[in-house]
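Shown next, in structure tokens, is the structure this report addresses.
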Amino acid sequence: MTASALVELRDVVFGYDERPVLDRVSLHVPRGKVTVLIGTSGGGKTTLLRLIGGQLRARSGQVLFDGEDVGALDRDGLYRVRRRMGLLFQFGALFTDLSVYDNVAFPLREHTRLPEALIRDIVLMKLHAVGLRGARDLMPAELSGGMARRVALARAIALDPELIMYDEPFSGLDPISLGTAARLIRQLNDTLGLTSIMVSHELESTFAVADHIVVLANGRVAMEGTPDEVRHSDDPLIRQYVTASPDGPVRFHYPARPVEEDYGPAVAVGGGR
Ligand SMILES: Nc1ncnc2c1ncn2[C@@H]1O[C@H](COP(=O)(O)OP(=O)(O)OP(=O)(O)O)[C@@H](O)[C@H]1O
């Protein structure tokens, strides 16, 4: 294990069925840094986060979190490791019937036996970190999309995780909120001493705040490097992705049976409807 890596994948193979989604994937997530995972849609980025979180287990290979093989842990071990991770899947997902305050307090009440006075201090501190201390009494329905994401973020950091994983934190945000959210992720990473992994299609905003980029394509790691290295790569596959070109080595089609098998031979010769 690289000393500076908090998470490391070694030759990980995973598929939901016989079709492999990840095919001998090896990568590392440097401690204290912001790592961005990019790649084609359906390329296995969310799957990879779920493997790190221990919700899925690799068919072969290892997923190491701080040196421990997540896939080999029993229930107690997994619980212990998960306590050290914050997961933010597609942001949002607040409890709609709880106030902002109670949403952030929820994991503290659920997982700790801290007295309410201390919970209050922690909740206000986390809300302050995302700029929403003043919004504590609002209900989720009263928040803008960007605010709701920040509350979800405050909730994700309530238990002081070491690793925080974001799955497409920017989807649906306007460009200004998007820039703010990206900077907030960076700022929290640095001020709270976190390690962050973010899956995103927003190359521009994420490249601006990332230290480390992993490009996933066709089930493999196509490249790991700094934003500059990825941006200036000569590799046709990386170039295709970075310039968002539809033609190149990245497959557009989800694997399918031949066209004529689905529509009959008429289509194959161009005569079908
Ligand atoms: N629960 C599941 N059961 C079966 N197949 C799944 C399941 N979840 C995902 N897949 C398939 O696994 C592949 C990888 O999905 P995943 O969500 O990890 O990709 P992704 O890179 O996060 O995609 P996107 O960028 O579009 O969100 C896809 O082909 C998807 O259809």
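Letters for chains follow the order of the structure tokens (A, B, ...), residue numbers begin at 1 for each chain, and ligand numbers begin at 1 in the order shown.
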Neighbourhood of ligand 1 at 9 Å, counting only C-alpha atoms and all ligand atoms, reported as a CSV table (one decimal) with C-alpha atoms, in the first residue's frame:
```csv
chain,number,residue,atom,x,y,z
A,15,GLY,CA,-19.8,-7.3,-12.4
A,16,TYR,CA,-23.5,-7.3,-11.5
A,17,ASP,CA,-24.0,-10.3,-13.8
A,19,ARG,CA,-20.6,-8.8,-17.8
A,20,PRO,CA,-17.7,-7.2,-15.9
A,21,VAL,CA,-18.2,-3.6,-15.0
A,22,LEU,CA,-14.8,-3.2,-13.5
A,37,LEU,CA,-13.3,10.1,-10.7
A,38,ILE,CA,-14.4,10.8,-14.3
A,39,GLY,CA,-15.4,8.5,-17.2
A,40,THR,CA,-18.1,7.5,-19.5
A,41,SER,CA,-21.7,7.1,-18.3
A,42,GLY,CA,-22.2,3.6,-17.0
A,43,GLY,CA,-18.5,3.1,-16.7
A,44,GLY,CA,-18.7,1.9,-13.1
A,45,LYS,CA,-17.9,5.1,-11.1
A,46,THR,CA,-20.8,4.7,-8.7
A,47,THR,CA,-20.1,1.0,-8.5
A,48,LEU,CA,-16.5,1.8,-7.5
A,49,LEU,CA,-17.7,4.1,-4.6
A,50,ARG,CA,-20.0,1.3,-3.4
A,167,ASP,CA,-21.5,11.0,-6.3
A,168,GLU,CA,-22.3,13.6,-8.9
A,199,VAL,CA,-17.6,11.4,-9.2
A,200,SER,CA,-18.5,14.1,-11.6
A,201,HIS,CA,-19.2,14.9,-15.2
A,216,LEU,CA,-12.3,5.2,-15.9
A,217,ALA,CA,-13.1,3.9,-19.4
A,219,GLY,CA,-14.0,-1.0,-17.2
A,254,TYR,CA,-24.0,-0.4,-24.0
A,255,PRO,CA,-23.1,-3.9,-25.1
```
Could you list, as an MDAnalysis selection string, every residue within 12 Å of region 134-150 of chain A, counting only C-alpha atoms and ignoring same-chain residues fewer than 2 positions away?
chainID A and resid 88:105 120 123:132 152:157 166:185 188
What parts of region 39-207 of chain A does DSSP call helix (DSSP H, G or I)? I'd like the answer as a PyMOL selection string.
chain A and resi 45-52+70-72+75-82+100-111+116-129+133-135+140-142+145-156+175-191+203-207
